[in-house]
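Chemist: Structure: upload-v6.cif, mmCIF, C-alpha atoms and all ligand atoms.
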```
data_target
loop_
_atom_site.label_atom_id
_atom_site.label_comp_id
_atom_site.auth_asym_id
_atom_site.auth_seq_id
_atom_site.Cartn_x
_atom_site.Cartn_y
_atom_site.Cartn_z
CA MET J 203 39.04 131.17 117.81
CA LEU J 204 40.66 127.73 117.98
CA ALA J 205 38.24 124.91 117.18
CA VAL J 206 38.09 121.25 116.17
CA PHE J 207 35.83 120.82 113.18
CA ALA J 208 34.73 118.45 110.42
CA LYS J 209 35.74 119.73 106.99
CA SER J 210 34.64 116.62 105.10
CA LEU J 211 32.94 113.31 105.86
CA SER J 212 34.24 109.77 105.26
CA ALA J 213 32.57 106.54 106.32
CA ASP J 214 35.86 104.59 106.04
CA ASP J 215 38.44 107.13 107.18
CA PRO J 216 36.65 109.47 109.61
CA LEU J 217 39.81 111.21 110.82
CA SER J 218 40.62 112.40 107.27
CA GLY J 219 38.06 115.20 107.59
CA LEU J 220 39.12 116.35 111.07
CA ILE J 221 40.75 119.79 111.32
CA VAL J 222 42.18 121.56 114.37
CA GLY J 223 42.43 125.21 113.39
CA GLU J 224 41.06 128.74 113.50
CA VAL J 225 37.40 129.56 112.77
CA ASP J 226 35.39 132.78 112.90
CA GLU J 227 33.10 133.30 115.87
CA PRO J 228 29.43 133.51 114.81
CA SER J 229 28.44 137.04 113.80
CA ARG J 230 24.75 136.59 114.74
CA VAL J 231 23.54 134.62 117.74
CA PRO J 232 19.79 134.01 118.26
CA ASP J 233 17.97 135.94 120.98
CA GLY J 234 17.95 134.07 124.28
CA TRP J 235 21.22 132.27 123.56
CA ALA J 236 24.27 132.48 125.81
CA ARG J 237 27.99 132.38 125.09
CA VAL J 238 29.95 129.90 127.19
CA GLN J 239 33.71 130.05 127.44
CA VAL J 240 34.60 126.36 127.25
CA ARG J 241 36.97 125.08 129.94
CA ALA J 242 36.54 121.36 129.22
CA ALA J 243 34.74 119.29 126.58
CA SER J 244 34.57 115.49 126.42
CA LEU J 245 34.63 113.23 123.38
CA ASN J 246 31.83 110.85 122.53
CA HIS J 247 31.53 108.14 119.93
CA HIS J 248 28.98 110.53 118.42
CA ASP J 249 31.88 112.74 117.26
CA LEU J 250 33.27 109.83 115.24
CA TRP J 251 29.83 109.08 113.81
CA SER J 252 29.63 112.75 112.75
CA LEU J 253 32.93 112.47 110.86
CA ARG J 254 31.55 109.31 109.20
CA GLY J 255 28.51 111.28 108.02
CA VAL J 256 26.02 109.73 110.45
CA GLY J 257 23.82 112.49 111.89
CA LEU J 258 25.86 115.25 110.20
CA ARG J 259 25.00 116.34 106.68
CA ALA J 260 27.60 117.43 104.12
CA ASP J 261 25.73 120.72 103.54
CA ALA J 262 26.26 121.65 107.22
CA LEU J 263 30.08 121.58 106.85
CA PRO J 264 32.35 122.89 108.15
CA MET J 265 30.93 121.98 111.56
CA ILE J 266 32.60 122.41 114.95
CA LEU J 267 32.38 119.01 116.66
CA GLY J 268 31.62 118.17 120.29
CA CYS J 269 28.42 117.69 122.30
CA ASP J 270 29.61 118.12 125.87
CA ALA J 271 31.06 121.10 127.68
CA ALA J 272 31.54 122.78 131.01
CA GLY J 273 32.66 126.36 131.21
CA VAL J 274 31.90 129.89 132.28
CA ASP J 275 28.99 131.99 131.00
CA GLU J 276 29.05 135.73 130.25
CA ASP J 277 28.09 136.54 133.85
CA GLY J 278 30.97 134.51 135.28
CA ASN J 279 28.82 131.55 136.38
CA GLU J 280 30.32 128.06 136.13
CA VAL J 281 27.94 125.97 134.01
CA VAL J 282 27.38 122.56 132.47
CA VAL J 283 26.01 122.71 128.92
CA HIS J 284 22.96 120.54 128.15
CA ALA J 285 23.55 119.25 124.62
CA VAL J 286 19.96 118.70 123.43
CA VAL J 287 18.62 121.77 121.63
CA SER J 288 14.85 121.59 121.19
CA ASP J 289 12.56 123.85 119.20
CA PRO J 290 11.77 127.05 121.17
CA GLU J 291 8.05 126.20 120.90
CA TRP J 292 8.48 122.64 122.20
CA ARG J 293 7.03 121.82 125.61
CA GLY J 294 7.83 118.76 127.73
CA ASP J 295 10.53 116.10 127.30
CA GLU J 296 12.92 117.63 124.79
CA THR J 297 14.30 114.23 123.72
CA LEU J 298 10.86 113.56 122.16
CA ASP J 299 10.88 116.77 120.07
CA PRO J 300 11.13 115.67 116.41
CA ARG J 301 12.95 118.96 115.67
CA ARG J 302 15.55 118.58 118.41
CA SER J 303 19.24 118.28 117.62
CA ILE J 304 22.38 117.64 119.60
CA LEU J 305 25.14 120.25 119.55
CA SER J 306 27.39 119.73 116.49
CA GLU J 307 24.55 118.41 114.29
CA VAL J 308 22.86 121.72 113.41
CA HIS J 309 24.42 124.20 115.83
CA ALA J 310 28.18 124.56 116.33
CA GLY J 311 29.60 122.13 118.89
CA THR J 312 31.74 122.44 121.99
CA PHE J 313 35.31 121.68 120.78
CA ALA J 314 36.19 125.36 120.62
CA GLU J 315 37.16 128.26 122.82
CA SER J 316 33.46 129.26 123.04
CA VAL J 317 30.07 127.72 122.33
CA TRP J 318 26.63 129.36 121.98
CA VAL J 319 23.54 127.60 123.37
CA PRO J 320 20.01 128.52 124.40
CA ARG J 321 20.20 130.04 127.89
CA ARG J 322 17.77 127.39 129.18
CA ASN J 323 20.42 124.74 128.32
CA LEU J 324 22.77 125.96 131.06
CA VAL J 325 22.84 123.96 134.29
CA PRO J 326 24.83 125.30 137.27
CA LYS J 327 28.12 123.46 137.79
CA PRO J 328 28.64 122.65 141.46
CA PRO J 329 32.09 123.48 142.84
CA GLU J 330 32.53 119.85 143.92
CA LEU J 331 32.92 118.79 140.27
CA SER J 332 35.95 119.84 138.23
CA PHE J 333 35.33 121.28 134.77
CA ALA J 334 36.64 118.02 133.25
CA GLU J 335 34.30 115.89 135.39
CA ALA J 336 31.33 118.12 134.65
CA ALA J 337 32.09 117.98 130.91
CA CYS J 338 31.57 114.20 130.92
CA LEU J 339 27.98 114.42 132.11
CA PRO J 340 25.77 115.90 129.33
CA THR J 341 25.98 113.05 126.79
CA ALA J 342 27.44 109.73 127.96
CA TRP J 343 26.50 110.04 131.62
CA LEU J 344 23.09 111.57 130.98
CA THR J 345 22.35 108.81 128.47
CA ALA J 346 23.32 106.17 131.04
CA TYR J 347 21.18 107.87 133.72
CA ARG J 348 18.08 107.92 131.52
CA MET J 349 18.65 104.34 130.31
CA LEU J 350 18.77 102.93 133.82
CA PHE J 351 16.34 105.03 135.82
CA THR J 352 13.85 106.50 133.35
CA ARG J 353 13.61 103.91 130.60
CA ALA J 354 14.51 100.57 132.25
CA GLY J 355 13.11 101.45 135.71
CA LEU J 356 16.09 99.77 137.41
CA GLN J 357 15.26 98.74 140.99
CA PRO J 358 17.71 98.55 143.93
CA GLY J 359 18.80 94.94 144.35
CA ALA J 360 18.07 94.05 140.71
CA THR J 361 20.85 92.68 138.51
CA VAL J 362 21.96 94.64 135.44
CA LEU J 363 24.35 93.44 132.75
CA VAL J 364 26.40 96.17 131.04
CA GLN J 365 27.85 95.18 127.65
CA GLY J 366 31.18 96.63 126.41
CA ALA J 367 32.37 97.84 129.80
CA GLY J 368 35.14 100.13 128.57
CA GLY J 369 32.96 102.66 126.74
CA GLY J 370 32.05 106.14 127.91
CA VAL J 371 28.37 105.24 128.35
CA ALA J 372 29.21 101.78 129.71
CA THR J 373 31.48 103.03 132.48
CA ALA J 374 28.74 105.48 133.46
CA LEU J 375 26.20 102.64 133.51
CA ILE J 376 28.42 100.63 135.88
CA VAL J 377 29.00 103.51 138.29
CA LEU J 378 25.41 104.79 138.30
CA ALA J 379 23.79 101.35 138.64
CA GLN J 380 26.12 100.54 141.51
CA ALA J 381 25.38 103.88 143.20
CA ALA J 382 21.66 103.08 142.95
CA GLY J 383 22.04 99.76 144.75
CA ALA J 384 21.85 97.35 141.82
CA ARG J 385 24.04 94.28 141.37
CA VAL J 386 26.20 95.08 138.34
CA TRP J 387 27.67 92.57 135.92
CA ALA J 388 29.74 93.69 132.93
CA THR J 389 31.37 92.25 129.82
CA SER J 390 34.40 93.50 127.94
CA ARG J 391 36.60 92.15 125.18
CA SER J 392 39.74 92.98 127.10
CA GLU J 393 40.99 91.36 130.30
CA GLU J 394 42.47 94.67 131.40
CA LYS J 395 39.17 96.50 130.91
CA ARG J 396 37.30 93.74 132.77
CA GLU J 397 39.59 94.25 135.74
CA ARG J 398 39.12 98.01 135.56
CA ALA J 399 35.35 97.52 135.42
CA ARG J 400 35.55 95.43 138.57
CA ALA J 401 37.63 98.11 140.29
CA LEU J 402 34.98 100.62 139.25
CA GLY J 403 32.22 98.75 141.03
CA ALA J 404 31.12 95.85 138.82
CA ASP J 405 30.30 92.89 141.07
CA ALA J 406 31.36 90.38 138.43
CA VAL J 407 32.90 90.62 134.95
CA PHE J 408 32.69 88.28 131.97
CA GLU J 409 34.04 87.80 128.46
CA PRO J 410 31.57 88.81 125.73
CA GLY J 411 29.08 86.00 125.13
CA ALA J 412 29.91 84.15 128.39
CA ARG J 413 27.25 82.08 130.13
CA LEU J 414 26.20 84.01 133.24
CA PRO J 415 25.62 82.44 136.69
CA GLU J 416 21.94 83.40 136.34
CA ARG J 417 19.76 85.54 134.11
CA VAL J 418 19.46 89.26 134.79
CA ASP J 419 16.62 91.78 135.19
CA VAL J 420 18.07 94.44 132.88
CA VAL J 421 20.65 94.47 130.09
CA ALA J 422 22.12 97.83 129.08
CA GLU J 423 23.34 97.86 125.48
CA THR J 424 25.42 100.28 123.47
CA VAL J 425 27.47 97.74 121.48
CA GLY J 426 24.71 96.45 119.18
CA ALA J 427 25.15 93.57 116.74
CA ALA J 428 28.22 92.03 118.41
CA THR J 429 26.45 91.51 121.75
CA TRP J 430 22.72 91.54 120.86
CA ASP J 431 22.17 87.78 120.89
CA HIS J 432 23.94 87.45 124.25
CA SER J 433 21.92 90.34 125.64
CA LEU J 434 18.60 88.70 124.76
CA LYS J 435 19.73 85.30 126.06
CA SER J 436 20.91 86.85 129.34
CA LEU J 437 17.50 88.27 130.32
CA LYS J 438 15.05 86.71 132.75
CA PRO J 439 11.52 86.19 131.48
CA GLY J 440 9.90 89.64 131.65
CA GLY J 441 13.31 91.36 131.66
CA THR J 442 14.20 94.62 129.94
CA LEU J 443 16.86 95.31 127.34
CA VAL J 444 17.57 99.04 127.20
CA ILE J 445 19.58 100.25 124.21
CA SER J 446 21.07 103.61 123.29
CA GLY J 447 23.75 102.68 120.76
CA ALA J 448 24.84 100.14 118.16
CA THR J 449 28.57 100.72 117.70
CA SER J 450 29.25 97.31 116.13
CA GLY J 451 26.23 97.25 113.79
CA GLN J 452 22.51 97.97 113.81
CA ASN J 453 21.02 94.90 112.17
CA PRO J 454 21.55 91.77 114.29
CA GLU J 455 19.12 88.85 114.08
CA ALA J 456 16.07 90.04 115.98
CA SER J 457 15.20 86.68 117.70
CA LEU J 458 11.53 87.63 117.73
CA ASN J 459 10.43 84.29 119.19
CA ARG J 460 12.55 84.85 122.27
CA ILE J 461 11.21 88.39 122.70
CA PHE J 462 7.53 87.48 122.68
CA PHE J 463 7.75 84.06 124.31
CA LEU J 464 9.76 85.35 127.28
CA GLN J 465 7.81 88.65 127.27
CA LEU J 466 10.97 90.72 127.06
CA SER J 467 10.87 94.49 126.74
CA VAL J 468 13.23 96.12 124.26
CA VAL J 469 13.40 99.80 125.12
CA GLY J 470 15.17 102.57 123.22
CA SER J 471 16.76 105.51 124.98
CA THR J 472 18.35 108.71 123.70
CA MET J 473 20.23 111.41 125.61
CA GLY J 474 18.13 112.92 128.43
CA THR J 475 16.30 116.01 129.56
CA ARG J 476 17.63 119.10 131.30
CA ASP J 477 15.79 117.97 134.46
CA GLU J 478 17.51 114.58 134.31
CA LEU J 479 20.87 116.34 133.86
CA GLU J 480 20.19 118.41 136.99
CA ARG J 481 19.34 115.24 138.93
CA LEU J 482 22.48 113.52 137.62
CA VAL J 483 24.64 116.46 138.73
CA ARG J 484 23.01 116.30 142.18
CA LEU J 485 23.57 112.53 142.39
CA CYS J 486 27.27 113.03 141.61
CA VAL J 487 27.61 115.59 144.39
CA GLU J 488 25.45 113.92 147.05
CA ARG J 489 26.75 110.38 146.52
CA ASP J 490 30.34 111.35 145.69
CA VAL J 491 30.07 109.83 142.22
CA ARG J 492 32.66 110.98 139.66
CA PRO J 493 32.90 110.32 135.91
CA VAL J 494 35.63 107.95 134.81
CA ILE J 495 38.23 109.93 132.87
CA GLU J 496 40.79 108.07 130.76
CA SER J 497 42.84 111.21 130.07
CA GLU J 498 42.73 114.99 129.70
CA LEU J 499 44.43 116.61 126.69
CA PRO J 500 44.68 120.21 125.53
CA LEU J 501 42.23 121.13 122.75
CA GLU J 502 45.21 121.44 120.39
CA GLN J 503 45.81 117.67 120.73
CA ALA J 504 42.28 116.67 119.75
CA ARG J 505 43.50 114.48 116.89
CA ASP J 506 45.29 112.14 119.34
CA ALA J 507 42.09 111.83 121.37
CA PHE J 508 40.02 111.04 118.26
CA ALA J 509 42.56 108.39 117.18
CA ALA J 510 42.40 106.68 120.59
CA LEU J 511 38.58 106.66 120.53
CA ALA J 512 38.54 105.27 116.98
CA ALA J 513 40.94 102.49 118.03
CA GLY J 514 38.62 101.52 120.92
CA ASP J 515 41.65 102.04 123.11
CA VAL J 516 39.88 103.88 125.91
CA PHE J 517 38.40 103.17 129.33
CA GLY J 518 35.99 105.93 130.27
CA LYS J 519 36.08 109.45 128.88
CA LEU J 520 38.60 111.54 126.96
CA VAL J 521 38.46 115.22 127.86
CA LEU J 522 39.79 118.22 125.91
CA THR J 523 40.75 121.16 128.09
CA ARG J 524 41.56 124.87 127.67
N1 LIG G 1 21.33 107.42 121.91
C1 LIG G 1 22.10 108.29 122.53
O1 LIG G 1 21.64 109.31 123.03
C2 LIG G 1 23.55 107.99 122.70
C3 LIG G 1 24.31 108.70 123.63
C4 LIG G 1 25.64 108.34 123.83
C5 LIG G 1 26.18 107.30 123.05
N2 LIG G 1 25.42 106.69 122.12
C6 LIG G 1 25.97 105.58 121.31
O2 LIG G 1 26.40 104.55 122.18
C7 LIG G 1 27.57 103.93 121.64
C8 LIG G 1 28.67 103.99 122.68
O3 LIG G 1 29.07 105.34 122.83
P1 LIG G 1 30.34 105.71 123.69
O4 LIG G 1 30.58 107.16 123.54
O5 LIG G 1 30.21 105.08 125.05
O6 LIG G 1 31.47 104.92 122.85
P2 LIG G 1 32.90 104.40 123.24
O7 LIG G 1 33.37 105.13 124.46
O8 LIG G 1 33.71 104.44 122.00
O9 LIG G 1 32.64 102.86 123.68
C9 LIG G 1 32.33 101.84 122.82
C10 LIG G 1 32.50 100.49 123.58
O10 LIG G 1 31.78 99.50 122.89
C11 LIG G 1 32.46 98.26 122.97
N3 LIG G 1 32.59 97.73 121.61
C12 LIG G 1 32.85 98.39 120.48
N4 LIG G 1 32.87 97.56 119.42
C13 LIG G 1 32.62 96.36 119.91
C14 LIG G 1 32.54 95.07 119.34
N5 LIG G 1 32.70 94.86 118.02
N6 LIG G 1 32.30 94.04 120.15
C15 LIG G 1 32.14 94.23 121.48
N7 LIG G 1 32.20 95.44 122.08
C16 LIG G 1 32.45 96.47 121.29
C17 LIG G 1 33.83 98.53 123.57
O11 LIG G 1 33.86 97.98 124.86
P3 LIG G 1 35.01 96.94 125.30
O12 LIG G 1 36.27 97.35 124.61
O13 LIG G 1 35.06 97.07 126.79
O14 LIG G 1 34.56 95.57 124.88
C18 LIG G 1 33.93 100.04 123.61
O15 LIG G 1 34.61 100.49 124.75
C19 LIG G 1 27.91 104.69 120.35
O16 LIG G 1 27.41 103.96 119.25
C20 LIG G 1 27.19 106.00 120.51
O17 LIG G 1 26.86 106.60 119.29
C21 LIG G 1 24.12 106.99 121.94
#
```
Would you kindly transcribe this structure into structure tokens?
Modeler:
Amino acid sequence: MLAVFAKSLSADDPLSGLIVGEVDEPSRVPDGWARVQVRAASLNHHDLWSLRGVGLRADALPMILGCDAAGVDEDGNEVVVHAVVSDPEWRGDETLDPRRSILSEVHAGTFAESVWVPRRNLVPKPPELSFAEAACLPTAWLTAYRMLFTRAGLQPGATVLVQGAGGGVATALIVLAQAAGARVWATSRSEEKRERARALGADAVFEPGARLPERVDVVAETVGAATWDHSLKSLKPGGTLVISGATSGQNPEASLNRIFFLQLSVVGSTMGTRDELERLVRLCVERDVRPVIESELPLEQARDAFAALAAGDVFGKLVLTR
């Protein structure tokens, strides 16, 4: 089958190990797993990290990339694929399972004609969502959902600052926070992306590092080092910084005095549960919320999509289709 896979890893030149080509379908699939014919799969920054060797080990190569998919199962049902694979014995929140992995880390990913996942990882795709829209939900949008509502406890009427507005997670944060009745402020390095963020529902937009009209209740971070100091300085006393990514670097100055003196909460967040994915799907349908898609490309053109993501030249999600 046609697939997009990592043949080698390179921290400096991630695209050098990317191959679009034929692979064998797995000969043995574990009991209780289902085959999904992939109709759409979206890119995440995670796929670039994998090619850089972060979260993907050299001894697992070659590895089909991709965390997100929507498609059709063997019984003809339209499904969204939950990307977090927990141990079969694990009970409760699967994001807390120390043995969990995300598709494309241990098990083959979604950038292929078919993907195999535990049957419990399939969530019904409502007809209101296209395959491309549904394929944006399992990683970036689920991460944003959990950050805001589970981990930061965002309240209607509160103000949230979203850093790096153009990203896949960031655009989801803007749309979901707005849908939940929060006041949404966003930063982006690019004037064009700031305007697009405003069109998406941000109530005000700022350059990175700008002084805000007032301090905020919640800051949602995926950028990391480049925006960390601004994020801490933007919070009200008692405010919450929720973080799920560190694209620009993971070791900024911690500013410990500010954290304890202003009684700030710094909260980590990773992916989400199957239950949260079901609630996110329902929110999209009931509140007419749709993922922000930058472009859809055929699977064969995956390299162009990876290059655009690596260049930071994207607003929202890139989707590969079959
Ligand atoms: N923990 C989890 O479960 C989880 C899940 C999903 C994603 N993540 C992580 O979250 C991060 C974002 O993922 P994504 O898929 O949304 O990535 P993405 O679509 O590539 O977005 C990254 C955004 O970060 C901003 N940015 C990048 N470098 C920056 C810099 N030096 N200074 C300021 N802003 C910068 C950019 O926003 P502007 O151009 O608008 O400034 C860019 O659009 C990644 O590190 C990813 O691994 C983690």
Chemist: Residues at most 8 Å from Ala342 (chain J), counting only C-alpha atoms, excluding those fewer than 4 positions away in the same chain, as a PyMOL selection string?
Modeler: chain J and resi 246+338+346+370-371+374+473
Chemist: Grab the residues selected above and save them as a PDB file, in the frame of the given file with C-alpha atoms.
Modeler:
```
ATOM      1  CA  ASN J 246      31.830 110.850 122.530  1.00  0.00           C
ATOM      2  CA  CYS J 338      31.570 114.200 130.920  1.00  0.00           C
ATOM      3  CA  ALA J 346      23.320 106.170 131.040  1.00  0.00           C
ATOM      4  CA  GLY J 370      32.050 106.140 127.910  1.00  0.00           C
ATOM      5  CA  VAL J 371      28.370 105.240 128.350  1.00  0.00           C
ATOM      6  CA  ALA J 374      28.740 105.480 133.460  1.00  0.00           C
ATOM      7  CA  MET J 473      20.230 111.410 125.610  1.00  0.00           C
TER       8      MET J 473
END
```
Chemist: Enumerate as a PyMOL selection string the residues within 6 Å of ligand LIG 1 (chain G), counting all atoms listed in the file.
Modeler: chain J and resi 246-248+341-342+345+366-372+390-391+395+424-425+428+446-450+471-473+511+514
Chemist: May I ask which of the residues J:Gly219, J:Gly355, J:Gly383, J:Gly518 is the closest one to Val444 (chain J), counting all atoms listed in the file?
Modeler: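 Using all atoms listed in the file, Val444 (chain J) sits closest to J:Gly355.
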Chemist: Mind giving me the straight-line distance from CA of Arg417 (chain J) to CA of Leu402 (chain J) in Å, one decimal?
Modeler: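 Going from CA of Arg417 (chain J) over to CA of Leu402 (chain J), I get 22.0 Å.
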Chemist: So which residues touch Ala381 (chain J) within 8 Å, counting all atoms listed in the file, skipping near sequence neighbours fewer than 4 positions away, as an mmCIF file with C-alpha atoms, in the frame of the given file?
Modeler:
```
data_model
loop_
_atom_site.group_PDB
_atom_site.id
_atom_site.type_symbol
_atom_site.label_atom_id
_atom_site.label_comp_id
_atom_site.auth_asym_id
_atom_site.auth_seq_id
_atom_site.Cartn_x
_atom_site.Cartn_y
_atom_site.Cartn_z
ATOM 1 C CA VAL J 377 29.000 103.510 138.290
ATOM 2 C CA ARG J 489 26.750 110.380 146.520
ATOM 3 C CA VAL J 491 30.070 109.830 142.220
#
```
Chemist: Scan for residues within 9 Å of the point (21.4, 112.7, 134.4) in the coordinates of the file, using only C-alpha atoms, and reply as a count of residues only.
Modeler: 22
Chemist: Restricting the calculation to all atoms listed in the file: of J:Pro358, J:Gly440, J:Gly273, J:Pro500, which residue gets closest to Leu331 (chain J)?
Modeler: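 Ranking J:Pro358, J:Gly440, J:Gly273, J:Pro500 by distance to Leu331 (chain J), first place goes to J:Gly273.
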Chemist: Just to confirm, what's the straight-line distance from CA of Leu434 (chain J) to CA of Pro415 (chain J) in Å (one decimal)?
Modeler: 15.2 Å
Chemist: Taking (30.8, 128.5, 126.1) in the file's coordinates as the center, which residues reach within 6 Å of it, counting all atoms listed in the file, put as a PyMOL selection string?
Modeler: chain J and resi 237-240+273+316-318
Chemist: Between CA of Met203 (chain J) and CA of Glu224 (chain J), what is the spacing in Å?
Modeler: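 Spanning CA of Glu224 (chain J) to CA of Met203 (chain J) is a straight-line distance of 5.3 Å.
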